[in-house]
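Trainee: One structure, pasted below without further comment.
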Amino acid sequence: TDHKFILAVVNNMSGARTATYLESLQRNHSVNVLKYQKDHCLAAEANLAIRFMFSFANVKYGVLLTPDVVVEPNWLSRLIKTIAANEKVGIGGPMTSHGPTPQRMGREDTTYPCTSVASFCMAFRRETFESINGFNESFMGHGYEDQDFCERAEKAGWQTVVDASVFVHRFARSGMRTDQ
């Protein structure tokens, strides 16, 4: 991306080969590898990474991106620009191949409101995250942490939007499911 960023990867009890690879990434690149040594919980893993990144005062936006997506060039700068353009927008998501219906509608306008965006790719303001105290970690496994995050943000006065100028492809069948 052309937007400055801090990258944090959460290692959730991966095997030796993956752990070795992540260690080499951390040694050779600007990648922060954080260990989460409990059963998989996307909300808890996201909170760990986002709170780490927000510990740096100059970080204004957080992005949750799962390992089963492919992004296009300049996706991050366009998504951040959409959020920054309206002070009421707290959360933004891209169009996608696999996700909630509002993100797959194929609308012609650039940005439109919705009630929730998928957690496999969502961007949000620091103030939004902090005002609702992050993701609800009671959602173990997969599901509803994204809807809950967006609903709580809406109750706190933030809007959620989809940016139709940004597209993210998700490989849903090869995601974080343990049965594949």
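We name chains A, B, ... following the order of the structure tokens; residues begin at 1 in each chain, and ligands are numbered from 1 as shown.
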Within 10 Å of segment 3-10 of chain A, which residues of segment 70-178 of chain A show up? Give each one with its shortest atom-to-atom distance in Å (one decimal) and the two atoms involved, counting only C-alpha atoms, rows by chain then rising residue number, as CSV.

Mentor:
residue,atom,partner,partner_atom,distance
A:Asn74,CA,A:His3,CA,7.5
A:Trp75,CA,A:His3,CA,9.0
A:Leu76,CA,A:His3,CA,6.4
A:Ser77,CA,A:His3,CA,5.2
A:Arg78,CA,A:His3,CA,9.0
A:Ile80,CA,A:His3,CA,8.7

Trainee: Can I get the selection written as a PDB file, in the first residue's frame, with N, CA and C atoms?

Mentor:
ATOM      1  N   ASN A  74      -3.129   0.056  -3.366  1.00  0.00           N
ATOM      2  CA  ASN A  74      -3.662   1.297  -2.786  1.00  0.00           C
ATOM      3  C   ASN A  74      -4.993   1.128  -2.054  1.00  0.00           C
ATOM      4  N   TRP A  75      -5.343  -0.087  -1.702  1.00  0.00           N
ATOM      5  CA  TRP A  75      -6.605  -0.350  -1.009  1.00  0.00           C
ATOM      6  C   TRP A  75      -6.673   0.390   0.326  1.00  0.00           C
ATOM      7  N   LEU A  76      -5.566   0.404   1.051  1.00  0.00           N
ATOM      8  CA  LEU A  76      -5.584   0.988   2.391  1.00  0.00           C
ATOM      9  C   LEU A  76      -5.762   2.500   2.337  1.00  0.00           C
ATOM     10  N   SER A  77      -5.046   3.167   1.465  1.00  0.00           N
ATOM     11  CA  SER A  77      -5.172   4.630   1.395  1.00  0.00           C
ATOM     12  C   SER A  77      -6.577   5.048   0.985  1.00  0.00           C
ATOM     13  N   ARG A  78      -7.211   4.301   0.084  1.00  0.00           N
ATOM     14  CA  ARG A  78      -8.579   4.637  -0.320  1.00  0.00           C
ATOM     15  C   ARG A  78      -9.572   4.410   0.822  1.00  0.00           C
ATOM     16  N   ILE A  80      -8.917   4.415   4.113  1.00  0.00           N
ATOM     17  CA  ILE A  80      -8.668   5.423   5.146  1.00  0.00           C
ATOM     18  C   ILE A  80      -9.202   6.782   4.695  1.00  0.00           C
TER      19      ILE A  80
END

Trainee: Write out as number ranges by chain the set of residues from chain A that DSSP, computed on the backbone, places in strand (DSSP E or B).

Mentor: A: 7-11, 31-35, 41, 61-65, 69-71, 89-96, 111-114, 121-125, 141, 159-170

Trainee: Mind checking DSSP for chain A and telling me the helix (DSSP H, G or I) residues as a VMD selection string?

Mentor: chain A and resid 16 to 28 42 to 54 75 to 84 101 to 103 126 to 131 145 to 155 172 to 174

Trainee: When you look at segment 117-128 of chain A with a cut-off of 6 Å (counting only C-alpha atoms), what residues show up, excluding the ones that are within fewer than 5 positions of it in the same chain? I need them as a PyMOL selection string.

Mentor: chain A and resi 60-66+90-93+146

Trainee: Record the distance separating atom CA of Leu48 of chain A and atom CA of Ser131 of chain A, expressed in Å with one decimal.

Mentor: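 Separation of atom CA of Leu48 of chain A and atom CA of Ser131 of chain A: 16.5 Å.
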